[in-house]
Structures are given as structure tokens and as C-alpha cells.
Amino acid sequence: MSQFDNGIADHLTRRQFTTAAIGGVAAAAGGFPSLAWADTKPATLSPLHAPFKKMRLSLAAYSLRKYLQQNWPTPRKRAGKAAMTMEDFVDYCGKLKLDGCEPTSYYFPNPLSNKYLVELRERAKRLHLDVSATAIGNDFCVKEGPARKRQLQLCRQWVDYAAVLGAPSIRIFAGRIPRGDSEEAAVERCAAGINESVKYAATKKVALALENHGGITATPKQMLKIIAKVKPSPYFGVNFDGGNFRTDDPYRDLAVIAPYAINAQLKVTITRKGKREAADLKKMLHILKDAGYRGWVALEYEEREEPKQEIPKVINKLRDLMASL
């Protein structure tokens, strides 16, 4: 049964989303003024927001980028016996006894066949793993022309791949403002690209999750400007990245986007006012819980320490924290 067929999630409006988000902010900050920019048009909440009784734990392949062979868009081979394939990554997730694995597009073979995707999906199943999501490095701010067509085709292609993998969602980026262009124009093109892509993704029952990833998604205000321009669809939402808001209060800002989340990633550090500090993983999980989120939570490890040594420690900590929610 797909996560879209279980009928768990309730349907809410974006106005209700905003109320919940601001309520979470107020609770975390001890009172917070109303955010006029956060009021958006009605929409439904994706079934991905709460497909499970409790949040489930996954690992992003990017966490092991030190070892993984990068084959897209250009090959970058890792030397030595320690080099990993996507199959090795899935096996590693199995050894950690995770609920799922999140393979990233960069590390798949290029060219990529459906046969390979089916074999990887079945490999994960044998290890009692679901494919929690996948991800692409798209840019929807690109101006009209061949480059933009390639970006839209990339997204459609990975929607097809995700459907074969059994991945319920794809993490997508907004992109970068072209030189000499305005943020307003870039936001319009980004929203148009998402609208076109979501329309196709819906035919495959794959959702697109917009990540807070700097640029025109560096703040919750920017995120909601884009969201407001996307046509209501159960196949669109936010990828809640716990380490990507580099503001004066990342936790406050994460609480604003949490009600829109259909996928979540946590990092072990945050950046506050330009300074890195240890992330309060318990606080982030409670932000998600308070927003009603009961979906996938993937660790995305990005620190300098040896990932194979540190990842199991963080996974064990997250597992304990999630069990106590």
C-alpha cells in the first residue's frame, strides 16, 4: 500500500497551517508577534505529512558523500577500497537497522535504467528498508530557454525514477537568482516550474518537497512567498531541513515551515548569526511533532569527523529521542 492510500492525514488549509506555525513559534519564543506575510491561500495538506503513527528514521546518502561515487551530472570517482556504490549505501542503512534510506540522485549510475532501480528497491526491501525519498539538484530560477527545459525535464525524469523506486517524495531546490535578475522574477519562475512539475508528479503519485536551502528560500518569509504561488496540491510541500536556516533564531523559523513539511532532514549543527553550534535535536523533533508531522526524518550528516564513526552515534541518539516523543 502506498503512503497516499492509507487515508491517515487530515485536510487543513494553509491559513490553518500558518496558525499552527505561528503558534509553534510563539510557544518556542515565549510569545511572538503575528506575521502578516505568513497568511496564504487555502490548500490541502499532503498525506505525506502524517503517514505513520510515529516519525520514522532514515539516512540521506549525502551523509556518505566522502565515499560515494558521484556519477551525475559529471563523474567523480572515489578511489580505494573504501569507495561505496548505492548498493553499499543501502546495505549500510540495513546494518544500522533503520526504517528507511534516502538515496540521492548524484550517486546513481549514469545512464540509469529501470532494471537498476527495481533491483535497488528490492535490495532495500530485503533489508526491511523503505525508500524514504530521493533528491535532485535542480534550478527552477533559470530563465526561459534550453537550460530551463533541461531543468524541467530533469525533474520529470526523477519523478519517473522515484515512482519505480517507491520513493514517496523528491527533495527539490528553488535555485539561484540569475545575475542581473530580481528576486521577484526568480520567485515567479520558481513557482511556475514547481507548478508544472507538480502537475506531472501527481500523475505518478510522487510529491515534490521544496527545501529551505539558502537563496530565495533562506528565510521562512521567502519560503511562504513561493508556497503561496504554488497551486494547491497534495503532491507539494516542504522539505524541513533543520540545519539550513542561518538566521538569528533558526528554531523559531523552522517552526514556521514545519506545518508544511512532507519530508524532514536533521543535521547535527545549526548556524545562528553566522556562528555554528550544536543542534538541539530534541527541540527540532518537538517542533515537528507540535506541527502534527509524523513522516520520515532523515539524518543528513555534514560534519568533518569520520562519518562512518559518527553516523551510528547520531542515529542511536535520534532513535532514543523519537521513541520518547
# chains A, B, ... in the order shown; residues from 1 in each chain; ligands from 1
>>> residues_around(residues="Leu129 (chain A)", least_positions_apart="6", cutoff="10 Å", atoms="only C-alpha atoms", output="list in words")
Ser58, Val90, Asp91, Cys93, Gly94, Lys97, Leu98, Asp99, Gly100, Cys101, Arg121, Glu122 and Arg123 of chain A
>>> residues_around(residues="region 243-250 of chain A", least_positions_apart="5", cutoff="9 Å", atoms="only C-alpha atoms", output="mmCIF file with C-alpha atoms, in the first residue's frame")
data_model
loop_
_atom_site.group_PDB
_atom_site.id
_atom_site.type_symbol
_atom_site.label_atom_id
_atom_site.label_comp_id
_atom_site.auth_asym_id
_atom_site.auth_seq_id
_atom_site.Cartn_x
_atom_site.Cartn_y
_atom_site.Cartn_z
ATOM 1 C CA GLU A 211 13.877 22.565 0.663
ATOM 2 C CA ASN A 212 14.860 25.616 2.697
ATOM 3 C CA HIS A 213 18.285 25.887 1.088
ATOM 4 C CA GLY A 214 19.511 29.470 1.026
ATOM 5 C CA THR A 217 14.476 30.017 0.390
ATOM 6 C CA ALA A 218 16.849 31.381 3.071
ATOM 7 C CA THR A 219 14.040 32.597 5.344
ATOM 8 C CA PRO A 220 10.516 31.400 6.147
ATOM 9 C CA ALA A 255 8.515 26.266 13.454
ATOM 10 C CA GLN A 265 16.102 16.165 7.484
ATOM 11 C CA LEU A 266 18.137 16.909 10.573
ATOM 12 C CA LYS A 267 21.779 17.943 10.832
ATOM 13 C CA VAL A 268 23.921 17.883 13.969
ATOM 14 C CA THR A 269 24.772 21.587 13.801
ATOM 15 C CA ILE A 270 22.918 24.823 13.116
ATOM 16 C CA THR A 271 24.199 28.285 12.213
ATOM 17 C CA ARG A 272 22.929 31.183 14.293
ATOM 18 C CA LYS A 273 24.024 34.710 13.350
ATOM 19 C CA GLY A 274 26.983 33.330 11.402
ATOM 20 C CA LYS A 275 28.210 31.023 14.178
ATOM 21 C CA ALA A 279 21.805 21.422 17.071
#
>>> closest_residue(among="A:Ala50, A:Glu87, A:Ala60, A:Tyr67", to="Thr104 (chain A)", atoms="only C-alpha atoms")
A:Ala60
>>> closest_residue(among="A:Ala201, A:Cys190, A:Leu96, A:Leu321", to="Ala228 (chain A)", atoms="only C-alpha atoms")
A:Cys190
>>> residues_around(residues="Ser324 (chain A)", least_positions_apart="5", cutoff="10 Å", atoms="only C-alpha atoms", output="list in words")
Lys282, Leu318 and Arg319 of chain A
>>> residues_around(residues="Leu325 (chain A)", least_positions_apart="4", cutoff="9 Å", atoms="only C-alpha atoms", output="list in words")
Lys54, Leu285, His286, Lys289 and Leu321 of chain A
>>> write_last_selection(atoms="C-alpha atoms", output="mmCIF file, in the first residue's frame")
data_model
loop_
_atom_site.group_PDB
_atom_site.id
_atom_site.type_symbol
_atom_site.label_atom_id
_atom_site.label_comp_id
_atom_site.auth_asym_id
_atom_site.auth_seq_id
_atom_site.Cartn_x
_atom_site.Cartn_y
_atom_site.Cartn_z
ATOM 1 C CA LYS A 54 5.152 7.949 14.731
ATOM 2 C CA LEU A 285 11.757 16.852 16.777
ATOM 3 C CA HIS A 286 9.291 18.572 19.087
ATOM 4 C CA LYS A 289 5.633 16.872 16.484
ATOM 5 C CA LEU A 321 14.635 10.813 21.121
#
>>> select_by_dssp(residues="region 200-251 of chain A", states="helix (DSSP H, G or I)", output="ChimeraX atom specification")
/A:200-203,220-229,250-251
>>> select_by_dssp(residues="region 53-210 of chain A", states="strand (DSSP E)", output="MDAnalysis selection string")
chainID A and resid 56:59 100:101 130:131 134:135 169:172 207:210
>>> closest_residue(among="A:Ala174, A:Leu254, A:Met284, A:Val230", to="Phe140 (chain A)", atoms="only C-alpha atoms")
A:Ala174
>>> closest_residue(among="A:Arg304, A:His128, A:Arg276, A:Arg189", to="Glu144 (chain A)", atoms="only C-alpha atoms")
A:Arg189
>>> residues_around(residues="Gly292 (chain A)", least_positions_apart="5", cutoff="10 Å", atoms="only C-alpha atoms", output="PyMOL selection string")
chain A and resi 9+20+49-50+258-261+286-287
>>> write_last_selection(atoms="C-alpha atoms", output="mmCIF file, in the first residue's frame")
data_model
loop_
_atom_site.group_PDB
_atom_site.id
_atom_site.type_symbol
_atom_site.label_atom_id
_atom_site.label_comp_id
_atom_site.auth_asym_id
_atom_site.auth_seq_id
_atom_site.Cartn_x
_atom_site.Cartn_y
_atom_site.Cartn_z
ATOM 1 C CA ALA A 9 -3.786 12.638 7.120
ATOM 2 C CA ALA A 20 -0.195 26.280 13.742
ATOM 3 C CA HIS A 49 2.592 14.945 6.435
ATOM 4 C CA ALA A 50 1.375 12.155 8.711
ATOM 5 C CA ALA A 258 7.107 22.762 9.937
ATOM 6 C CA PRO A 259 3.331 22.620 9.251
ATOM 7 C CA TYR A 260 4.108 22.451 5.518
ATOM 8 C CA ALA A 261 6.654 19.622 5.864
ATOM 9 C CA HIS A 286 9.291 18.572 19.087
ATOM 10 C CA ILE A 287 8.821 21.373 16.541
#
>>> residues_around(residues="Gln69 (chain A)", least_positions_apart="5", cutoff="8 Å", atoms="only C-alpha atoms", output="MDAnalysis selection string")
chainID A and resid 75:78 83:85 107
>>> write_last_selection(atoms="C-alpha atoms", output="PDB file, in the first residue's frame")
ATOM      1  CA  PRO A  75      31.509  11.542 -12.970  1.00  0.00           C
ATOM      2  CA  ARG A  76      33.665  11.943  -9.882  1.00  0.00           C
ATOM      3  CA  LYS A  77      35.163   8.661  -8.775  1.00  0.00           C
ATOM      4  CA  ARG A  78      36.188   7.844  -5.224  1.00  0.00           C
ATOM      5  CA  ALA A  83      34.608   3.722  -2.178  1.00  0.00           C
ATOM      6  CA  MET A  84      30.881   2.972  -1.966  1.00  0.00           C
ATOM      7  CA  THR A  85      28.159   2.297  -4.503  1.00  0.00           C
ATOM      8  CA  TYR A 107      25.242   8.836  -6.714  1.00  0.00           C
TER       9      TYR A 107
END
>>> closest_residue(among="A:Asn263, A:Ser63, A:Asn71, A:Ser46", to="Ile311 (chain A)", atoms="only C-alpha atoms")
A:Ser63
>>> closest_residue(among="A:Pro103, A:Pro232, A:Gly237, A:Pro307", to="Val131 (chain A)", atoms="only C-alpha atoms")
A:Pro103
>>> atom_distance(atom1="CA of Val187 (chain A)", atom2="CA of Ile216 (chain A)")
7.2 Å
>>> atom_distance(atom1="CA of Lys53 (chain A)", atom2="CA of Tyr293 (chain A)")
9.8 Å
>>> residues_around(residues="Met55 (chain A)", least_positions_apart="6", cutoff="7 Å", atoms="only C-alpha atoms", output="PyMOL selection string")
chain A and resi 294-297
